[in-house]
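Q: One file: model16.csv (CSV, C-alpha atoms).
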chain,number,residue,atom,x,y,z
A,441,MET,CA,8.3,5.5,-26.9
A,442,LYS,CA,9.6,2.4,-25.0
A,443,LEU,CA,9.4,2.5,-21.2
A,444,PRO,CA,11.0,0.0,-18.8
A,445,PHE,CA,8.2,-2.0,-17.2
A,446,ALA,CA,7.9,-4.6,-14.4
A,447,GLN,CA,4.9,-6.2,-12.7
A,448,ILE,CA,5.6,-7.2,-9.2
A,449,ASP,CA,3.7,-9.1,-6.5
A,450,ALA,CA,4.3,-7.2,-3.3
A,451,PHE,CA,4.0,-8.6,0.2
A,452,ALA,CA,4.3,-12.0,-1.5
A,453,THR,CA,6.7,-15.0,-1.2
A,454,ARG,CA,5.5,-16.6,-4.5
A,455,PRO,CA,3.9,-15.5,-7.7
A,456,PHE,CA,0.1,-15.0,-7.7
A,457,ALA,CA,0.0,-13.8,-4.1
A,458,GLY,CA,0.2,-10.4,-2.4
A,459,ASN,CA,-0.8,-7.3,-4.3
A,460,GLN,CA,0.2,-6.6,-7.9
A,461,ALA,CA,1.9,-3.3,-8.9
A,462,ALA,CA,3.3,-2.1,-12.1
A,463,VAL,CA,6.5,-0.1,-11.9
A,464,ILE,CA,7.6,2.1,-14.8
A,465,LEU,CA,10.8,4.1,-14.9
A,466,LEU,CA,10.7,7.4,-16.7
A,467,ASP,CA,13.3,10.0,-17.7
A,468,ALA,CA,10.9,12.8,-17.0
A,469,TRP,CA,7.2,13.1,-16.2
A,470,LEU,CA,4.7,12.5,-18.9
A,471,ASP,CA,1.4,14.5,-18.9
A,472,ASP,CA,-1.0,13.4,-16.2
A,473,PRO,CA,-3.7,12.1,-18.6
A,474,VAL,CA,-1.0,9.8,-20.1
A,475,LEU,CA,0.0,8.5,-16.7
A,476,GLN,CA,-3.6,7.8,-15.9
A,477,ALA,CA,-4.2,6.1,-19.2
A,478,ILE,CA,-1.2,3.8,-18.6
A,479,ALA,CA,-2.5,2.9,-15.2
A,480,ALA,CA,-5.9,2.2,-16.7
A,481,GLU,CA,-4.3,0.0,-19.4
A,482,ASN,CA,-2.4,-2.0,-16.7
A,483,ASN,CA,-5.6,-2.4,-14.7
A,484,LEU,CA,-3.8,-3.2,-11.5
A,485,SER,CA,-4.4,-1.8,-8.0
A,486,GLU,CA,-1.6,0.6,-8.6
A,487,THR,CA,0.9,1.7,-11.2
A,488,ALA,CA,4.0,3.4,-9.8
A,489,PHE,CA,6.0,5.9,-11.9
A,490,LEU,CA,9.6,6.7,-11.0
A,491,VAL,CA,11.7,9.7,-12.2
A,492,PRO,CA,15.3,10.3,-11.1
A,493,ASP,CA,15.3,13.1,-8.6
A,494,ARG,CA,17.8,15.5,-10.1
A,495,ASN,CA,17.4,17.9,-7.1
A,496,GLU,CA,18.9,15.1,-4.9
A,497,GLN,CA,16.3,15.3,-2.2
A,498,ALA,CA,15.9,11.6,-2.7
A,499,ASP,CA,16.9,9.0,-5.3
A,500,TYR,CA,13.6,9.0,-7.3
A,501,LEU,CA,10.4,10.9,-7.5
A,502,LEU,CA,7.4,8.6,-7.0
A,503,ARG,CA,3.8,8.8,-7.9
A,504,TRP,CA,1.0,6.2,-7.8
A,505,PHE,CA,-2.1,5.8,-9.9
A,506,THR,CA,-5.0,3.3,-9.6
A,507,PRO,CA,-6.9,2.6,-12.9
A,508,THR,CA,-9.0,5.7,-12.1
A,509,VAL,CA,-7.2,8.2,-9.8
A,510,GLU,CA,-3.9,9.3,-8.5
A,511,VAL,CA,-3.4,8.5,-4.8
A,512,ALA,CA,-1.6,10.3,-2.0
A,513,LEU,CA,0.0,7.2,-0.5
A,514,CYS,CA,0.5,3.6,-1.6
A,515,GLY,CA,2.5,1.2,0.4
A,516,HIS,CA,2.6,-2.0,-1.7
A,517,ALA,CA,3.6,-0.1,-4.8
A,518,THR,CA,6.3,1.7,-2.8
A,519,LEU,CA,7.7,-1.7,-1.7
A,520,ALA,CA,7.5,-2.9,-5.3
A,521,SER,CA,9.3,0.2,-6.5
A,522,GLY,CA,12.1,-0.5,-3.9
A,523,HIS,CA,12.3,-4.1,-5.0
A,524,TYR,CA,12.6,-2.9,-8.7
A,525,VAL,CA,15.3,-0.3,-8.1
A,526,LEU,CA,17.4,-2.6,-5.8
A,527,ASN,CA,17.1,-5.7,-8.0
A,528,HIS,CA,16.5,-4.6,-11.6
A,529,THR,CA,18.7,-1.5,-12.1
A,530,ASP,CA,22.3,-0.5,-11.6
A,531,PHE,CA,21.6,0.9,-8.2
A,532,HIS,CA,24.5,0.0,-5.9
A,533,ARG,CA,23.1,0.6,-2.4
A,534,GLU,CA,21.0,-1.5,0.0
A,535,TRP,CA,18.4,1.3,0.4
A,536,VAL,CA,16.5,3.7,-1.8
A,537,ARG,CA,14.6,6.9,-1.0
A,538,PHE,CA,11.5,8.1,-2.8
A,539,LEU,CA,10.2,11.7,-2.8
A,540,THR,CA,6.4,11.8,-3.0
A,541,ARG,CA,4.0,14.7,-3.5
A,542,LYS,CA,1.9,14.2,-0.3
A,543,ALA,CA,3.6,11.6,1.8
A,544,GLY,CA,7.1,13.0,2.1
A,545,VAL,CA,10.2,10.9,1.7
A,546,LEU,CA,9.7,7.2,1.9
A,547,GLU,CA,12.5,4.7,2.3
A,548,VAL,CA,12.8,1.0,1.3
A,549,ARG,CA,15.8,-0.9,2.7
A,550,GLU,CA,17.0,-4.5,2.3
A,551,ASP,CA,17.1,-6.4,5.6
A,552,ASP,CA,17.4,-9.9,6.9
A,553,HIS,CA,13.7,-10.6,6.2
A,554,GLY,CA,13.5,-9.1,2.7
A,555,LEU,CA,12.5,-5.5,2.5
A,556,ALA,CA,11.7,-2.9,5.2
A,557,MET,CA,9.6,0.1,4.2
A,558,ALA,CA,9.2,3.3,6.3
A,559,LEU,CA,5.8,5.0,6.0
A,560,PRO,CA,4.4,7.9,8.0
A,561,ALA,CA,2.3,6.8,11.0
A,562,TYR,CA,-1.4,7.9,10.7
A,563,PRO,CA,-3.0,7.2,14.1
A,564,PRO,CA,-6.8,7.3,13.8
A,565,GLU,CA,-9.3,8.7,16.2
A,566,SER,CA,-12.6,7.2,17.3
A,567,VAL,CA,-15.6,8.8,15.6
A,568,ASP,CA,-19.1,7.8,14.5
A,569,MET,CA,-18.8,6.0,11.1
A,570,THR,CA,-22.4,4.8,10.8
A,571,PRO,CA,-22.6,5.2,7.0
A,572,MET,CA,-19.5,3.1,6.5
A,573,VAL,CA,-20.7,0.5,9.0
A,574,LYS,CA,-24.0,0.2,7.1
A,575,ALA,CA,-22.3,0.0,3.7
A,576,LEU,CA,-19.9,-2.7,5.0
A,577,GLY,CA,-22.9,-4.7,6.3
A,578,VAL,CA,-21.4,-5.2,9.7
A,579,SER,CA,-23.1,-5.2,13.1
A,580,ARG,CA,-21.9,-4.4,16.6
A,581,PRO,CA,-18.4,-3.0,15.7
A,582,VAL,CA,-16.0,-2.8,18.6
A,583,ASP,CA,-14.9,0.6,17.5
A,584,SER,CA,-14.9,3.0,14.5
A,585,LEU,CA,-12.1,5.3,13.7
A,586,TRP,CA,-11.1,7.9,11.2
A,587,HIS,CA,-7.9,9.6,9.9
A,588,PRO,CA,-8.4,12.8,8.0
A,589,ASN,CA,-6.2,11.6,5.1
A,590,GLY,CA,-9.3,9.6,4.1
A,591,TYR,CA,-9.0,6.3,6.1
A,592,GLY,CA,-12.0,4.8,7.8
A,593,VAL,CA,-11.4,1.9,10.2
A,594,ILE,CA,-14.1,-0.5,11.6
A,595,VAL,CA,-12.8,-2.7,14.4
A,596,LEU,CA,-14.6,-6.1,14.7
A,597,ALA,CA,-14.5,-8.8,17.3
A,598,ASP,CA,-12.6,-11.5,15.6
A,599,GLU,CA,-11.2,-12.9,12.3
A,600,ALA,CA,-14.4,-14.7,11.5
A,601,ALA,CA,-16.3,-11.4,11.5
A,602,VAL,CA,-13.7,-9.8,9.1
A,603,LEU,CA,-13.9,-12.8,6.7
A,604,ALA,CA,-17.7,-12.6,6.7
A,605,VAL,CA,-17.9,-9.0,5.6
A,606,GLN,CA,-19.8,-8.5,2.3
A,607,PRO,CA,-19.8,-4.8,1.4
A,608,ASP,CA,-22.3,-2.9,-0.6
A,609,PHE,CA,-19.8,-1.5,-3.0
A,610,THR,CA,-22.1,1.1,-4.5
A,611,ALA,CA,-23.0,2.4,-1.0
A,612,LEU,CA,-19.3,2.5,-0.1
A,613,ALA,CA,-18.3,4.4,-3.2
A,614,ALA,CA,-21.0,6.9,-2.5
A,615,ILE,CA,-19.4,7.8,0.8
A,616,GLY,CA,-16.4,9.2,-1.1
A,617,ASP,CA,-12.8,8.5,-2.0
A,618,THR,CA,-12.0,6.8,1.3
A,619,LEU,CA,-10.0,3.7,2.2
A,620,ASN,CA,-12.5,1.5,4.1
A,621,ILE,CA,-10.7,-0.9,6.5
A,622,VAL,CA,-12.1,-3.7,8.7
A,623,THR,CA,-9.8,-5.2,11.2
A,624,ALA,CA,-9.8,-7.5,14.2
A,625,PRO,CA,-7.5,-9.8,16.3
A,626,GLY,CA,-6.2,-12.6,14.1
A,627,ASP,CA,-6.0,-16.3,14.4
A,628,THR,CA,-2.8,-17.1,12.5
A,629,ALA,CA,-1.4,-13.5,12.9
A,630,ASP,CA,-1.7,-10.9,15.6
A,631,VAL,CA,-4.0,-8.7,13.4
A,632,VAL,CA,-6.2,-9.5,10.5
A,633,SER,CA,-7.8,-7.0,8.0
A,634,ARG,CA,-9.5,-6.4,4.7
A,635,VAL,CA,-9.6,-3.2,2.7
A,636,PHE,CA,-12.1,-1.8,0.2
A,637,ALA,CA,-11.7,1.2,-2.1
A,638,PRO,CA,-14.5,1.1,-4.7
A,639,ALA,CA,-14.4,4.9,-5.3
A,640,ALA,CA,-10.8,4.5,-6.5
A,641,GLY,CA,-11.8,1.7,-8.8
A,642,ILE,CA,-10.7,-1.1,-6.4
A,643,ASP,CA,-13.5,-3.1,-4.8
A,644,GLU,CA,-11.2,-5.1,-2.5
A,645,ASP,CA,-7.5,-4.4,-2.4
A,646,PRO,CA,-5.4,-7.5,-1.9
A,647,VAL,CA,-2.7,-6.2,0.4
A,648,THR,CA,-2.6,-2.5,1.5
A,649,GLY,CA,0.6,-1.0,3.0
A,650,GLY,CA,-1.1,2.4,3.5
A,651,ALA,CA,-3.9,0.8,5.5
A,652,HIS,CA,-1.3,-0.5,7.9
A,653,ALA,CA,0.1,3.0,8.4
A,654,VAL,CA,-3.3,3.6,10.0
A,655,ILE,CA,-4.1,0.4,11.8
A,656,ALA,CA,-0.6,-0.3,13.1
A,657,PRO,CA,-0.6,2.6,15.6
A,658,TYR,CA,-4.1,1.5,16.8
A,659,TRP,CA,-3.0,-2.1,17.3
A,660,ALA,CA,0.4,-1.2,18.9
A,661,LYS,CA,-1.5,0.7,21.6
A,662,ARG,CA,-4.1,-2.0,22.0
A,663,LEU,CA,-1.6,-4.9,22.0
A,664,LYS,CA,0.8,-2.9,24.2
A,665,ARG,CA,3.8,-3.7,22.0
A,666,ASN,CA,5.3,-2.0,19.0
A,667,ARG,CA,5.9,-5.0,16.7
A,668,PHE,CA,3.4,-7.6,15.6
A,669,THR,CA,2.3,-9.6,12.6
A,670,ALA,CA,-0.6,-8.8,10.3
A,671,LEU,CA,-2.6,-10.8,7.7
A,672,GLN,CA,-4.6,-9.1,5.0
A,673,ALA,CA,-7.2,-11.7,4.3
A,674,SER,CA,-8.1,-11.1,0.7
A,675,GLN,CA,-8.3,-13.9,-1.9
A,676,ARG,CA,-4.7,-13.4,-2.8
A,677,GLY,CA,-3.7,-12.6,0.7
A,678,GLY,CA,-0.5,-11.2,2.2
A,679,ARG,CA,1.4,-11.1,5.5
A,680,ILE,CA,3.2,-8.0,6.8
A,681,ASP,CA,5.5,-7.6,9.8
A,682,CYS,CA,4.5,-4.3,11.4
A,683,GLU,CA,6.6,-2.1,13.7
A,684,VAL,CA,5.6,1.3,15.1
A,685,ASP,CA,8.7,3.5,15.5
A,686,GLY,CA,7.6,7.0,16.8
A,687,ALA,CA,6.2,8.9,13.8
A,688,ARG,CA,6.9,6.1,11.4
A,689,VAL,CA,5.5,2.6,10.7
A,690,ILE,CA,8.0,0.1,9.4
A,691,LEU,CA,6.4,-2.6,7.3
A,692,ARG,CA,8.5,-5.7,6.3
A,693,GLY,CA,7.8,-8.1,3.5
A,694,THR,CA,9.1,-9.6,0.3
A,695,CYS,CA,8.3,-9.1,-3.4
A,696,VAL,CA,8.3,-11.4,-6.5
A,697,THR,CA,8.8,-10.0,-10.0
A,698,VAL,CA,6.4,-11.8,-12.4
A,699,ILE,CA,6.8,-9.8,-15.6
A,700,GLU,CA,9.6,-7.6,-16.9
A,701,GLY,CA,9.8,-5.9,-20.3
A,702,SER,CA,8.8,-2.7,-22.0
A,703,PHE,CA,5.6,-0.7,-22.2
A,704,PHE,CA,5.2,0.8,-25.7
A,705,LEU,CA,3.6,4.2,-25.9
Kindly present the structure from the file in structure tokens form.

A:
Amino acid sequence: MKLPFAQIDAFATRPFAGNQAAVILLDAWLDDPVLQAIAAENNLSETAFLVPDRNEQADYLLRWFTPTVEVALCGHATLASGHYVLNHTDFHREWVRFLTRKAGVLEVREDDHGLAMALPAYPPESVDMTPMVKALGVSRPVDSLWHPNGYGVIVLADEAAVLAVQPDFTALAAIGDTLNIVTAPGDTADVVSRVFAPAAGIDEDPVTGGAHAVIAPYWAKRLKRNRFTALQASQRGGRIDCEVDGARVILRGTCVTVIEGSFFL
């Protein structure tokens, strides 16, 4: 079996930056163990699988797999999927809609700055996150927050504190399958963050759209404005333009295709 395949750097303006995602277009779903094995073979943060939506609720059905698990929401691989459909297929519109299993319908649209992606807003609430604080190795957090979809957020004083974080990945993984986010006011962007997901097979995620669905509502309230810039300060790094629009978070960025070909199964 020969499957169309692309590897795309999302939230990147050049190759070797942003977050890598594989995008594979299928005619119909393969068995889940096969999808998981393909994602493990790719060994990227996410592999996105697309199937045409014949019920016409959206243009494509979309699922995302890390090397070890299927996830409920992945922003960067959604942006990469939109880039793939709009640039590498015979699709003849400036937007594409994806129906997902747990995050509803997500849209990626071309705009003046590249691509704009609409995700559900997940505003977090302040709670005691002592085990996560200890596993991250941070002291004196400004705030700790939680969203029940599995997102933990530790707010720090400044960008230097975010850059200095050195997690105990074994202790983080033992907490459970959560997305562990540290964030603070930024120096070269309004907001800076780093994201860790060792229980999902990703020690540090390079650029995480889903994390910004959580931290964008927090920062919009704190900054007292609905649009701002964000830097995810991983080794590869990536910049995101964030906008909170009611129950949605709009994330803007660009993608770069670095590999295109076939996956043989």

Q: If you take only C-alpha atoms and a cut-off of 8 Å, which residues of range 451-479 of chain A touch range 517-529 of chain A, and what are their nearest atom pairs and distances in Å to one decimal, in chain and number order, as a Markdown table?

A:
| residue | atom | partner | partner_atom | distance |
| --- | --- | --- | --- | --- |
| A:Gln460 | CA | A:Ala517 | CA | 8.0 |
| A:Ala461 | CA | A:Ala517 | CA | 5.5 |
| A:Ala462 | CA | A:Ala517 | CA | 7.6 |
| A:Val463 | CA | A:Ser521 | CA | 6.1 |

Q: Would you tabulate, counting all atoms listed in the file, all residues of range 636-699 of chain A that have an atom at most 12 Å from an atom of range 564-573 of chain A, showing the closest pair of atoms and their distance in Å to one decimal, sorted by chain then ascending number, as JSON lines?

A:
{"residue": "A:Phe636", "atom": "CA", "partner": "A:Met572", "partner_atom": "CA", "distance": 10.9}
{"residue": "A:Ala637", "atom": "CA", "partner": "A:Met572", "partner_atom": "CA", "distance": 11.8}
{"residue": "A:Ala651", "atom": "CA", "partner": "A:Pro564", "partner_atom": "CA", "distance": 10.9}
{"residue": "A:His652", "atom": "CA", "partner": "A:Pro564", "partner_atom": "CA", "distance": 11.2}
{"residue": "A:Ala653", "atom": "CA", "partner": "A:Pro564", "partner_atom": "CA", "distance": 9.8}
{"residue": "A:Val654", "atom": "CA", "partner": "A:Pro564", "partner_atom": "CA", "distance": 6.4}
{"residue": "A:Ile655", "atom": "CA", "partner": "A:Pro564", "partner_atom": "CA", "distance": 7.7}
{"residue": "A:Ala656", "atom": "CA", "partner": "A:Pro564", "partner_atom": "CA", "distance": 9.8}
{"residue": "A:Pro657", "atom": "CA", "partner": "A:Pro564", "partner_atom": "CA", "distance": 8.0}
{"residue": "A:Tyr658", "atom": "CA", "partner": "A:Pro564", "partner_atom": "CA", "distance": 7.1}
{"residue": "A:Trp659", "atom": "CA", "partner": "A:Pro564", "partner_atom": "CA", "distance": 10.7}
{"residue": "A:Lys661", "atom": "CA", "partner": "A:Pro564", "partner_atom": "CA", "distance": 11.5}

Q: Write the residues of the preceding selection, restricted to C-alpha atoms, as an mmCIF file, in the frame of the given file.

A:
data_model
loop_
_atom_site.group_PDB
_atom_site.id
_atom_site.type_symbol
_atom_site.label_atom_id
_atom_site.label_comp_id
_atom_site.auth_asym_id
_atom_site.auth_seq_id
_atom_site.Cartn_x
_atom_site.Cartn_y
_atom_site.Cartn_z
ATOM 1 C CA PHE A 636 -12.100 -1.800 0.200
ATOM 2 C CA ALA A 637 -11.700 1.200 -2.100
ATOM 3 C CA ALA A 651 -3.900 0.800 5.500
ATOM 4 C CA HIS A 652 -1.300 -0.500 7.900
ATOM 5 C CA ALA A 653 0.100 3.000 8.400
ATOM 6 C CA VAL A 654 -3.300 3.600 10.000
ATOM 7 C CA ILE A 655 -4.100 0.400 11.800
ATOM 8 C CA ALA A 656 -0.600 -0.300 13.100
ATOM 9 C CA PRO A 657 -0.600 2.600 15.600
ATOM 10 C CA TYR A 658 -4.100 1.500 16.800
ATOM 11 C CA TRP A 659 -3.000 -2.100 17.300
ATOM 12 C CA LYS A 661 -1.500 0.700 21.600
#

Q: Could you give me, as JSON lines, a per-residue list for range 516-566 of chain A showing, wherever an atom lies at most 8 Å from an atom of range 690-703 of chain A, the closest pair of atoms and their distance in Å to one decimal, using all atoms listed in the file and sorting by chain then residue number from low to high?

A:
{"residue": "A:Leu519", "atom": "CA", "partner": "A:Cys695", "partner_atom": "CA", "distance": 7.6}
{"residue": "A:Ala520", "atom": "CA", "partner": "A:Cys695", "partner_atom": "CA", "distance": 6.5}
{"residue": "A:His523", "atom": "CA", "partner": "A:Cys695", "partner_atom": "CA", "distance": 6.6}
{"residue": "A:His553", "atom": "CA", "partner": "A:Gly693", "partner_atom": "CA", "distance": 7.0}
{"residue": "A:Gly554", "atom": "CA", "partner": "A:Thr694", "partner_atom": "CA", "distance": 5.0}
{"residue": "A:Leu555", "atom": "CA", "partner": "A:Gly693", "partner_atom": "CA", "distance": 5.5}
{"residue": "A:Ala556", "atom": "CA", "partner": "A:Arg692", "partner_atom": "CA", "distance": 4.4}
{"residue": "A:Met557", "atom": "CA", "partner": "A:Leu691", "partner_atom": "CA", "distance": 5.2}
{"residue": "A:Ala558", "atom": "CA", "partner": "A:Ile690", "partner_atom": "CA", "distance": 4.6}
{"residue": "A:Leu559", "atom": "CA", "partner": "A:Ile690", "partner_atom": "CA", "distance": 6.4}

Q: Could you make a table, as a Markdown table, of the residues of range 582-664 of chain A that have an atom within 10 Å of an atom of range 467-490 of chain A, each with its nearest atom pair and distance in Å to one decimal, counting only C-alpha atoms, in chain and number order?

A:
| residue | atom | partner | partner_atom | distance |
| --- | --- | --- | --- | --- |
| A:Ala637 | CA | A:Ser485 | CA | 9.9 |
| A:Ala640 | CA | A:Ser485 | CA | 9.1 |
| A:Gly641 | CA | A:Ser485 | CA | 8.2 |
| A:Ile642 | CA | A:Ser485 | CA | 6.5 |
| A:Asp643 | CA | A:Ser485 | CA | 9.7 |
| A:Glu644 | CA | A:Ser485 | CA | 9.3 |
| A:Asp645 | CA | A:Ser485 | CA | 6.9 |
| A:Pro646 | CA | A:Ser485 | CA | 8.4 |
| A:Val647 | CA | A:Ser485 | CA | 9.6 |
| A:Thr648 | CA | A:Ser485 | CA | 9.7 |

Q: Given only C-alpha atoms as the basis, pick out the residue of A:Ala498, A:Leu576, A:Ala604, A:Ala450 nearest to Gly677 in chain A.

A: A:Ala450

Q: To one decimal in Å, tell me the separation between CA of Asp449 in chain A and CA of Ile464 in chain A.

A: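 These atoms are spaced 14.5 Å apart.
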
Q: Range 538-546 of chain A: which residues within 7 Å, counting all atoms listed in the file, same-chain residues fewer than 6 positions away excluded, as a short mmCIF file (atom, residue, chain, number, x, y, z; two decimals) with C-alpha atoms, in the coordinates of the input?

A:
data_model
loop_
_atom_site.label_atom_id
_atom_site.label_comp_id
_atom_site.auth_asym_id
_atom_site.auth_seq_id
_atom_site.Cartn_x
_atom_site.Cartn_y
_atom_site.Cartn_z
CA ALA A 498 15.90 11.60 -2.70
CA ASP A 499 16.90 9.00 -5.30
CA TYR A 500 13.60 9.00 -7.30
CA LEU A 501 10.40 10.90 -7.50
CA LEU A 502 7.40 8.60 -7.00
CA ARG A 503 3.80 8.80 -7.90
CA ALA A 512 -1.60 10.30 -2.00
CA LEU A 513 0.00 7.20 -0.50
CA ALA A 558 9.20 3.30 6.30
CA LEU A 559 5.80 5.00 6.00
#

Q: Do you have the CA of Asp583 in chain A-CA of Gly649 in chain A distance handy?

A: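 Taking CA of Asp583 in chain A and CA of Gly649 in chain A, their separation equals 21.3 Å.
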
Q: Could you give me, as a PyMOL selection string, the residues within 10 Å of Ala597 in chain A, counting all atoms listed in the file and dropping anything in the same chain fewer than 2 positions from it?

A: chain A and resi 580-583+595+599-602+623-626

Q: Which distance in Å separates CA of Pro638 in chain A and CA of Ala575 in chain A, to one decimal?

A: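 Result for CA of Pro638 in chain A versus CA of Ala575 in chain A: 11.5 Å, one decimal.
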
Q: Please list as a VMD selection string every residue within 6 Å of range 530-536 of chain A, counting all atoms listed in the file and excluding residues in the same chain fewer than 6 positions away.

A: chain A and resid 547 to 550

Q: So, counting all atoms listed in the file, which residue among A:Thr618, A:His516, A:Asp627, A:Asp685 is closest to Ala452 in chain A?

A: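 Closest candidate: A:His516.
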
Q: Since fewer atoms than expected are present, regenerate N, CA, C and O atoms for range 548-561 of chain A and write them as a PDB file, keeping the file's coordinate frame.

A:
ATOM      1  N   VAL A 548      12.855   2.461   1.312  1.00  0.00           N
ATOM      2  CA  VAL A 548      12.800   1.000   1.300  1.00  0.00           C
ATOM      3  C   VAL A 548      14.226   0.497   1.413  1.00  0.00           C
ATOM      4  O   VAL A 548      15.118   0.944   0.696  1.00  0.00           O
ATOM      5  N   ARG A 549      14.415  -0.450   2.327  1.00  0.00           N
ATOM      6  CA  ARG A 549      15.800  -0.900   2.700  1.00  0.00           C
ATOM      7  C   ARG A 549      15.759  -2.464   2.695  1.00  0.00           C
ATOM      8  O   ARG A 549      14.803  -3.083   3.162  1.00  0.00           O
ATOM      9  N   GLU A 550      16.838  -3.045   2.197  1.00  0.00           N
ATOM     10  CA  GLU A 550      17.000  -4.500   2.300  1.00  0.00           C
ATOM     11  C   GLU A 550      17.325  -4.816   3.796  1.00  0.00           C
ATOM     12  O   GLU A 550      18.064  -4.094   4.464  1.00  0.00           O
ATOM     13  N   ASP A 551      16.719  -5.911   4.303  1.00  0.00           N
ATOM     14  CA  ASP A 551      17.100  -6.400   5.600  1.00  0.00           C
ATOM     15  C   ASP A 551      17.069  -7.903   5.643  1.00  0.00           C
ATOM     16  O   ASP A 551      16.895  -8.541   4.601  1.00  0.00           O
ATOM     17  N   ASP A 552      17.242  -8.492   6.794  1.00  0.00           N
ATOM     18  CA  ASP A 552      17.400  -9.900   6.900  1.00  0.00           C
ATOM     19  C   ASP A 552      16.097 -10.677   6.484  1.00  0.00           C
ATOM     20  O   ASP A 552      16.136 -11.871   6.185  1.00  0.00           O
ATOM     21  N   HIS A 553      14.973  -9.994   6.485  1.00  0.00           N
ATOM     22  CA  HIS A 553      13.700 -10.600   6.200  1.00  0.00           C
ATOM     23  C   HIS A 553      13.141 -10.239   4.821  1.00  0.00           C
ATOM     24  O   HIS A 553      11.985 -10.530   4.527  1.00  0.00           O
ATOM     25  N   GLY A 554      13.951  -9.584   3.995  1.00  0.00           N
ATOM     26  CA  GLY A 554      13.500  -9.100   2.700  1.00  0.00           C
ATOM     27  C   GLY A 554      13.646  -7.650   2.553  1.00  0.00           C
ATOM     28  O   GLY A 554      14.751  -7.136   2.390  1.00  0.00           O
ATOM     29  N   LEU A 555      12.527  -6.914   2.648  1.00  0.00           N
ATOM     30  CA  LEU A 555      12.500  -5.500   2.500  1.00  0.00           C
ATOM     31  C   LEU A 555      11.819  -4.836   3.708  1.00  0.00           C
ATOM     32  O   LEU A 555      10.821  -5.367   4.199  1.00  0.00           O
ATOM     33  N   ALA A 556      12.338  -3.698   4.157  1.00  0.00           N
ATOM     34  CA  ALA A 556      11.700  -2.900   5.200  1.00  0.00           C
ATOM     35  C   ALA A 556      11.357  -1.544   4.630  1.00  0.00           C
ATOM     36  O   ALA A 556      12.211  -0.885   4.030  1.00  0.00           O
ATOM     37  N   MET A 557      10.118  -1.124   4.788  1.00  0.00           N
ATOM     38  CA  MET A 557       9.600   0.100   4.200  1.00  0.00           C
ATOM     39  C   MET A 557       9.149   1.035   5.338  1.00  0.00           C
ATOM     40  O   MET A 557       8.372   0.613   6.201  1.00  0.00           O
ATOM     41  N   ALA A 558       9.589   2.289   5.323  1.00  0.00           N
ATOM     42  CA  ALA A 558       9.200   3.300   6.300  1.00  0.00           C
ATOM     43  C   ALA A 558       8.093   4.173   5.743  1.00  0.00           C
ATOM     44  O   ALA A 558       8.315   4.851   4.733  1.00  0.00           O
ATOM     45  N   LEU A 559       6.924   4.175   6.381  1.00  0.00           N
ATOM     46  CA  LEU A 559       5.800   5.000   6.000  1.00  0.00           C
ATOM     47  C   LEU A 559       5.489   5.961   7.183  1.00  0.00           C
ATOM     48  O   LEU A 559       5.795   5.643   8.332  1.00  0.00           O
ATOM     49  N   PRO A 560       4.848   7.100   6.919  1.00  0.00           N
ATOM     50  CA  PRO A 560       4.400   7.900   8.000  1.00  0.00           C
ATOM     51  C   PRO A 560       3.317   7.212   8.829  1.00  0.00           C
ATOM     52  O   PRO A 560       2.488   6.493   8.262  1.00  0.00           O
ATOM     53  N   ALA A 561       3.332   7.349  10.150  1.00  0.00           N
ATOM     54  CA  ALA A 561       2.300   6.800  11.000  1.00  0.00           C
ATOM     55  C   ALA A 561       1.074   7.721  10.985  1.00  0.00           C
ATOM     56  O   ALA A 561       1.213   8.931  11.180  1.00  0.00           O
TER      57      ALA A 561
END
